Amino acid sequence: MGGMSLRFRPWRYLFGQVAIIVRGRAVERFMNLAVRRGVILWDVARIAPDAVRARTRLSGLRNLRHIARRTESRLEFRERVGLPFWLARLRRRKGLVAGVTFFFVALFTLASFCWFVEVSGNERIPEARIREVARQAGLYPGAPRWRCDPALVERTLYQKVPQLAWAGVELRGTRAHIMVVEKKLPAAGKSGPTDVVARKAGLVKEILVLSGQAAVKVGATVEPGQVLIAGRVDPPPPPGGQQEVDAGKAPRGKPRYVRARGMVRARVWYEAVGTVPLVEQGERLTGRRTRSVVIRVGTREVRLKGPAAAPYPRCRVKRTTARLPGWRNLALPVEVITTEYAEVKPYRLVRTLDEAVRLAGAAALKKVSGRLPPEAKILARRTEVLPLTNKRDVLQVRVVVETLEDIGIERPLKPKD
């Protein structure tokens with residue numbers, strides 16, 4: 001009988017199963033009559049001299065009641081499992097069934113529309129202009145997804161907004177993302193005279209002048225904003241004390257103003273301090289997580305899965321609420337509340353001095369690396385452990401990085417008559 005019960009396991013839930021207890025003086029006769037009438041019983045176990053526990057299908061209860069009267073036995077029902085009982089409970093909660101059904105129908109319907117349109121990548125072009133062109137192509141908040149053609153929107157944007165070099169449209173669920181790349185315009189303000197000035201302090205190692213006049217020498221220490229290559233070119237002293245005038249040029253006795261160009265490479269030093277506690281205490285995640293999902297319809301809540309309270313002694317709780325977007329002035333009273341519980345455990349970490357120096361040095365070096373320009377060449381790096389302060393559990397390490405880089409940057413120059 002046990003093997004037969006395994007074959008029908010999926011049907012038990014579909015047609016329902018009941019756990020029963022048979023009590024009486026003729027329990028054996030009750031079981032024999034049930035088998036003769038084709039009533040399938042499984043998980044049969046004697047729990048008392050005059051009582052037997054078993055499971056059977058919902059369809060067999062009528063025959064079992066008749067057999068119980070015939071053998072003067074008493075039936076007790078302990079557990080009802082299966083689809084028929086679940087549907088019966090739902091029929092008693094018609095309001096909840098209607099609310100859940102309405103929720104899923106509304107969710108499916110609203111998910112078929114594009115409710116949010118995002119625009120990114122624009123700097124000079126107004127976002128309203130891009131949205132207006134996208135609306136003309138059929139993409140706007142509330143547009144049906146089946147009518148949105150990303151390729152058509154991209155072509156329309158490219159044709160009607162000449163400042164765009166590229167446009168892309170991506171649909172994800174109820175969101176549409178419009179990504180654009182603007183055409184780069186030539187930099188303005190570079191045609192007049194300029195100076196090349198220092199954008200940071202450093203020690204000059206090399207000067208290459210393409211146009212203009214060098215204002216500093218190799219080995220000089222410069223400060224930010226100091227002129228390195230001047231756009232004012234003074235004429236050389238005239239031979240014999242006389243001035244010569246070249247055709248199309250200013251008199252040699254007067255300075256000329258040009259756009260200074262060149263390269264000034266200098267040694268630059270960067271410094272940062274990293275700190276690491278020798279004894280660290282706190283909480284860390286264990287990796288165990290549990291999620292609870294609840295649907296709230298009005299004031300009633302239905303728990304779909306997960307626990308009702310925190311399952312761990314110490315945990316971090318993150319709760320998110322998703323609401324259905326309203327339609328015009330109608331707000332739908334349906335929410336999906338998701339609560340995530342992440343278990344944490346306290347820890348206490350004691351670091352060795354070598355390990356703390358290594359970690360603090362890495363933290364300081366990371367700060368310095370974020371300030372280095374891509375073209376900088378690192379010449380040297382020095383690490384220094386600072387004396388412990390009043391907080392004796394905190395170690396500080398200073399890192400100094402020496403680089404060789406071009407420190408020149410152009411600055412407009414106003415000619416002086």
# chains A, B, ... in the order shown; residues from 1 in each chain; ligands from 1
call {"tool": "residues_around", "arguments": {"residues": "Ala48 of chain A", "least_positions_apart": "5", "cutoff": "12 Å", "atoms": "only C-alpha atoms", "output": "VMD selection string"}}
result
chain A and resid 21 to 25 27 53
call {"tool": "write_last_selection", "arguments": {"atoms": "C-alpha atoms", "output": "PDB file, in the first residue's frame"}}
result
ATOM      1  CA  ILE A  21      -8.140   8.943  13.777  1.00  0.00           C
ATOM      2  CA  VAL A  22     -10.376   5.875  14.119  1.00  0.00           C
ATOM      3  CA  ARG A  23     -11.419   4.884  17.652  1.00  0.00           C
ATOM      4  CA  GLY A  24     -13.476   1.852  18.680  1.00  0.00           C
ATOM      5  CA  ARG A  25     -13.429  -1.839  19.553  1.00  0.00           C
ATOM      6  CA  VAL A  27     -10.674  -0.911  14.449  1.00  0.00           C
ATOM      7  CA  ARG A  53      -4.168   7.148  12.772  1.00  0.00           C
TER       8      ARG A  53
END
call {"tool": "residues_around", "arguments": {"residues": "Tyr341 of chain A", "least_positions_apart": "3", "cutoff": "9 Å", "atoms": "only C-alpha atoms", "output": "PyMOL selection string"}}
result
chain A and resi 288-292+310-312+315-319
call {"tool": "write_last_selection", "arguments": {"atoms": "N, CA and C atoms", "output": "mmCIF file, in the first residue's frame"}}
result
data_model
loop_
_atom_site.group_PDB
_atom_site.id
_atom_site.type_symbol
_atom_site.label_atom_id
_atom_site.label_comp_id
_atom_site.auth_asym_id
_atom_site.auth_seq_id
_atom_site.Cartn_x
_atom_site.Cartn_y
_atom_site.Cartn_z
ATOM 1 N N ARG A 288 23.624 35.217 6.004
ATOM 2 C CA ARG A 288 22.278 34.652 6.099
ATOM 3 C C ARG A 288 21.248 35.771 5.948
ATOM 4 N N ARG A 289 20.311 35.576 5.051
ATOM 5 C CA ARG A 289 19.283 36.573 4.767
ATOM 6 C C ARG A 289 17.928 35.894 4.647
ATOM 7 N N THR A 290 16.906 36.605 5.040
ATOM 8 C CA THR A 290 15.527 36.139 4.912
ATOM 9 C C THR A 290 14.678 37.302 4.437
ATOM 10 N N ARG A 291 13.775 36.997 3.522
ATOM 11 C CA ARG A 291 12.915 38.038 2.960
ATOM 12 C C ARG A 291 11.459 37.727 3.256
ATOM 13 N N SER A 292 10.729 38.766 3.613
ATOM 14 C CA SER A 292 9.299 38.650 3.883
ATOM 15 C C SER A 292 8.553 39.557 2.914
ATOM 16 N N ALA A 310 11.554 39.396 12.982
ATOM 17 C CA ALA A 310 12.963 39.146 12.677
ATOM 18 C C ALA A 310 13.363 37.747 13.126
ATOM 19 N N PRO A 311 13.927 36.928 12.231
ATOM 20 C CA PRO A 311 14.272 35.545 12.591
ATOM 21 C C PRO A 311 15.634 35.406 13.266
ATOM 22 N N TYR A 312 16.406 36.518 13.367
ATOM 23 C CA TYR A 312 17.737 36.444 13.934
ATOM 24 C C TYR A 312 17.822 37.340 15.167
ATOM 25 N N CYS A 315 20.162 41.659 13.611
ATOM 26 C CA CYS A 315 20.038 41.731 12.152
ATOM 27 C C CYS A 315 19.819 43.174 11.730
ATOM 28 N N ARG A 316 20.076 43.412 10.453
ATOM 29 C CA ARG A 316 19.765 44.688 9.823
ATOM 30 C C ARG A 316 18.500 44.517 8.999
ATOM 31 N N VAL A 317 17.593 45.460 9.144
ATOM 32 C CA VAL A 317 16.280 45.369 8.507
ATOM 33 C C VAL A 317 16.190 46.440 7.425
ATOM 34 N N LYS A 318 15.830 46.020 6.221
ATOM 35 C CA LYS A 318 15.619 46.936 5.111
ATOM 36 C C LYS A 318 14.208 46.707 4.567
ATOM 37 N N ARG A 319 13.405 47.753 4.599
ATOM 38 C CA ARG A 319 12.000 47.627 4.184
ATOM 39 C C ARG A 319 11.733 48.541 3.001
#
call {"tool": "select_by_dssp", "arguments": {"residues": "segment 194-396 of chain A", "states": "alpha helix (DSSP H)", "output": "list in words"}}
result
Leu353, Asp354, Glu355, Ala356, Val357, Arg358, Leu359, Ala360, Gly361, Ala362, Ala363, Ala364, Leu365, Lys366, Lys367, Val368 and Ser369 of chain A
call {"tool": "write_last_selection", "arguments": {"atoms": "C-alpha atoms", "output": "PDB file, in the first residue's frame"}}
result
ATOM      1  CA  LEU A 353      51.686  46.426  13.887  1.00  0.00           C
ATOM      2  CA  ASP A 354      52.946  45.225  10.480  1.00  0.00           C
ATOM      3  CA  GLU A 355      49.430  44.556   9.268  1.00  0.00           C
ATOM      4  CA  ALA A 356      48.212  47.965  10.460  1.00  0.00           C
ATOM      5  CA  VAL A 357      51.125  49.721   8.720  1.00  0.00           C
ATOM      6  CA  ARG A 358      50.356  47.898   5.487  1.00  0.00           C
ATOM      7  CA  LEU A 359      46.628  48.743   5.587  1.00  0.00           C
ATOM      8  CA  ALA A 360      47.158  52.389   6.582  1.00  0.00           C
ATOM      9  CA  GLY A 361      49.780  52.803   3.854  1.00  0.00           C
ATOM     10  CA  ALA A 362      47.424  51.329   1.262  1.00  0.00           C
ATOM     11  CA  ALA A 363      44.646  53.705   2.383  1.00  0.00           C
ATOM     12  CA  ALA A 364      46.960  56.741   2.112  1.00  0.00           C
ATOM     13  CA  LEU A 365      48.248  55.622  -1.294  1.00  0.00           C
ATOM     14  CA  LYS A 366      44.668  55.267  -2.518  1.00  0.00           C
ATOM     15  CA  LYS A 367      43.977  58.887  -1.530  1.00  0.00           C
ATOM     16  CA  VAL A 368      47.071  60.060  -3.394  1.00  0.00           C
ATOM     17  CA  SER A 369      46.288  57.993  -6.506  1.00  0.00           C
TER      18      SER A 369
END
call {"tool": "residues_around", "arguments": {"residues": "Glu223 of chain A", "least_positions_apart": "6", "cutoff": "12 Å", "atoms": "only C-alpha atoms", "output": "VMD selection string"}}
result
chain A and resid 197 to 204 216 266 268 407 to 408
call {"tool": "closest_residue", "arguments": {"among": "A:Pro126, A:Gly274, A:Gly95, A:Pro235", "to": "Glu384 of chain A", "atoms": "only C-alpha atoms"}}
result
A:Gly274
call {"tool": "closest_residue", "arguments": {"among": "A:Lys416, A:Lys217, A:Arg382, A:Arg314", "to": "Arg256 of chain A", "atoms": "only C-alpha atoms"}}
result
A:Lys416
call {"tool": "atom_distance", "arguments": {"atom1": "atom CA of Trp146 of chain A", "atom2": "atom CA of Arg131 of chain A"}}
result
19.0 Å
call {"tool": "atom_distance", "arguments": {"atom1": "atom CA of Pro412 of chain A", "atom2": "atom CA of Gln226 of chain A"}}
result
13.3 Å
call {"tool": "select_by_dssp", "arguments": {"residues": "segment 89-232 of chain A", "states": "strand (DSSP E)", "output": "PDB file with C-alpha atoms, in the first residue's frame"}}
result
ATOM      1  CA  PHE A 113       2.522  51.063 -20.230  1.00  0.00           C
ATOM      2  CA  CYS A 114       5.633  53.215 -20.049  1.00  0.00           C
ATOM      3  CA  PHE A 116       8.658  56.939 -16.527  1.00  0.00           C
ATOM      4  CA  VAL A 117      10.928  58.553 -19.132  1.00  0.00           C
ATOM      5  CA  GLU A 118      14.512  59.416 -18.125  1.00  0.00           C
ATOM      6  CA  VAL A 119      16.988  61.529 -20.106  1.00  0.00           C
ATOM      7  CA  SER A 120      20.758  61.437 -19.565  1.00  0.00           C
ATOM      8  CA  ALA A 143       2.449  55.573 -23.642  1.00  0.00           C
ATOM      9  CA  PRO A 144       1.530  51.921 -24.373  1.00  0.00           C
ATOM     10  CA  LEU A 164      23.084  65.366 -31.113  1.00  0.00           C
ATOM     11  CA  ALA A 165      25.886  63.096 -32.241  1.00  0.00           C
ATOM     12  CA  TRP A 166      24.118  59.923 -31.048  1.00  0.00           C
ATOM     13  CA  ALA A 167      20.846  58.908 -29.410  1.00  0.00           C
ATOM     14  CA  GLY A 168      19.769  55.599 -27.876  1.00  0.00           C
ATOM     15  CA  VAL A 169      16.495  54.441 -26.297  1.00  0.00           C
ATOM     16  CA  GLU A 170      16.195  51.524 -23.884  1.00  0.00           C
ATOM     17  CA  LEU A 171      12.906  50.125 -22.541  1.00  0.00           C
ATOM     18  CA  ARG A 172      12.966  48.303 -19.198  1.00  0.00           C
ATOM     19  CA  ARG A 175      10.747  52.819 -17.607  1.00  0.00           C
ATOM     20  CA  ALA A 176      12.283  54.278 -20.740  1.00  0.00           C
ATOM     21  CA  HIS A 177      15.826  55.626 -20.750  1.00  0.00           C
ATOM     22  CA  ILE A 178      16.862  58.109 -23.442  1.00  0.00           C
ATOM     23  CA  MET A 179      20.668  58.347 -23.702  1.00  0.00           C
ATOM     24  CA  VAL A 180      22.189  61.096 -25.857  1.00  0.00           C
ATOM     25  CA  VAL A 181      25.669  62.267 -26.799  1.00  0.00           C
ATOM     26  CA  GLU A 182      26.066  65.894 -27.823  1.00  0.00           C
ATOM     27  CA  THR A 194      47.672  83.670 -23.704  1.00  0.00           C
ATOM     28  CA  ASP A 195      50.210  82.843 -21.022  1.00  0.00           C
ATOM     29  CA  VAL A 196      51.134  79.365 -19.853  1.00  0.00           C
ATOM     30  CA  VAL A 197      50.869  79.376 -16.049  1.00  0.00           C
ATOM     31  CA  ALA A 198      51.451  76.745 -13.367  1.00  0.00           C
ATOM     32  CA  GLY A 202      56.507  72.173  -8.296  1.00  0.00           C
ATOM     33  CA  LEU A 203      60.237  72.206  -9.135  1.00  0.00           C
ATOM     34  CA  VAL A 204      60.858  72.854 -12.857  1.00  0.00           C
ATOM     35  CA  LYS A 205      62.905  70.105 -14.550  1.00  0.00           C
ATOM     36  CA  GLU A 206      62.357  70.751 -18.270  1.00  0.00           C
ATOM     37  CA  ILE A 207      61.056  73.609 -20.448  1.00  0.00           C
ATOM     38  CA  LEU A 208      60.094  73.341 -24.122  1.00  0.00           C
ATOM     39  CA  VAL A 209      58.856  76.596 -25.688  1.00  0.00           C
ATOM     40  CA  LEU A 210      56.936  76.345 -28.963  1.00  0.00           C
ATOM     41  CA  SER A 211      55.744  79.955 -29.007  1.00  0.00           C
ATOM     42  CA  GLN A 213      59.007  83.509 -24.130  1.00  0.00           C
ATOM     43  CA  ALA A 214      60.203  81.424 -21.185  1.00  0.00           C
ATOM     44  CA  THR A 221      60.393  76.486  -7.676  1.00  0.00           C
ATOM     45  CA  VAL A 222      57.027  77.764  -8.925  1.00  0.00           C
ATOM     46  CA  VAL A 227      53.686  82.515 -15.404  1.00  0.00           C
ATOM     47  CA  LEU A 228      55.885  79.817 -16.980  1.00  0.00           C
ATOM     48  CA  ILE A 229      55.796  80.810 -20.670  1.00  0.00           C
ATOM     49  CA  ALA A 230      54.813  84.407 -21.339  1.00  0.00           C
ATOM     50  CA  ARG A 232      54.455  88.740 -24.387  1.00  0.00           C
TER      51      ARG A 232
END
call {"tool": "atom_distance", "arguments": {"atom1": "atom CA of Ile378 of chain A", "atom2": "atom CA of Leu404 of chain A"}}
result
6.5 Å
call {"tool": "closest_residue", "arguments": {"among": "A:Arg62, A:Arg267, A:Arg92, A:Arg55", "to": "Arg80 of chain A", "atoms": "only C-alpha atoms"}}
result
A:Arg55
call {"tool": "closest_residue", "arguments": {"among": "A:Asp393, A:Glu154, A:Asp234, A:Glu335", "to": "Glu301 of chain A", "atoms": "only C-alpha atoms"}}
result
A:Glu335
call {"tool": "decode", "arguments": {"residues": "segment 88-130 of chain A", "atoms": "C-alpha atoms", "output": "tab-separated table (two decimals), in the first residue's frame"}}
result
chain	number	residue	atom	x	y	z
A	88	ALA	CA	-13.11	26.63	0.44
A	89	ARG	CA	-11.16	29.03	2.67
A	90	LEU	CA	-10.91	31.52	-0.18
A	91	ARG	CA	-14.67	31.37	-0.75
A	92	ARG	CA	-15.15	32.52	2.83
A	93	ARG	CA	-12.85	35.51	2.18
A	94	LYS	CA	-14.37	36.89	-1.00
A	95	GLY	CA	-13.19	40.44	-0.32
A	96	LEU	CA	-9.58	39.37	-0.08
A	97	VAL	CA	-9.81	37.24	-3.24
A	98	ALA	CA	-11.35	40.15	-5.10
A	99	GLY	CA	-8.63	42.51	-3.87
A	100	VAL	CA	-5.78	40.18	-4.82
A	101	THR	CA	-7.33	39.47	-8.20
A	102	PHE	CA	-7.81	43.17	-8.83
A	103	PHE	CA	-4.20	43.81	-7.78
A	104	PHE	CA	-2.71	41.33	-10.24
A	105	VAL	CA	-5.01	42.43	-13.06
A	106	ALA	CA	-4.13	46.07	-12.41
A	107	LEU	CA	-0.44	45.22	-12.12
A	108	PHE	CA	-0.46	43.38	-15.44
A	109	THR	CA	-2.39	46.21	-17.12
A	110	LEU	CA	-0.22	49.00	-15.75
A	111	ALA	CA	2.97	47.09	-16.58
A	112	SER	CA	1.95	47.30	-20.22
A	113	PHE	CA	2.52	51.06	-20.23
A	114	CYS	CA	5.63	53.21	-20.05
A	115	TRP	CA	5.19	55.45	-16.99
A	116	PHE	CA	8.66	56.94	-16.53
A	117	VAL	CA	10.93	58.55	-19.13
A	118	GLU	CA	14.51	59.42	-18.12
A	119	VAL	CA	16.99	61.53	-20.11
A	120	SER	CA	20.76	61.44	-19.56
A	121	GLY	CA	23.86	62.71	-21.33
A	122	ASN	CA	22.56	66.18	-22.24
A	123	GLU	CA	24.41	69.29	-21.06
A	124	ARG	CA	23.67	72.10	-23.50
A	125	ILE	CA	20.44	70.75	-25.01
A	126	PRO	CA	17.39	71.37	-22.77
A	127	GLU	CA	15.78	68.18	-21.50
A	128	ALA	CA	12.35	69.55	-22.41
A	129	ARG	CA	13.42	69.69	-26.08
A	130	ILE	CA	14.47	66.02	-26.07
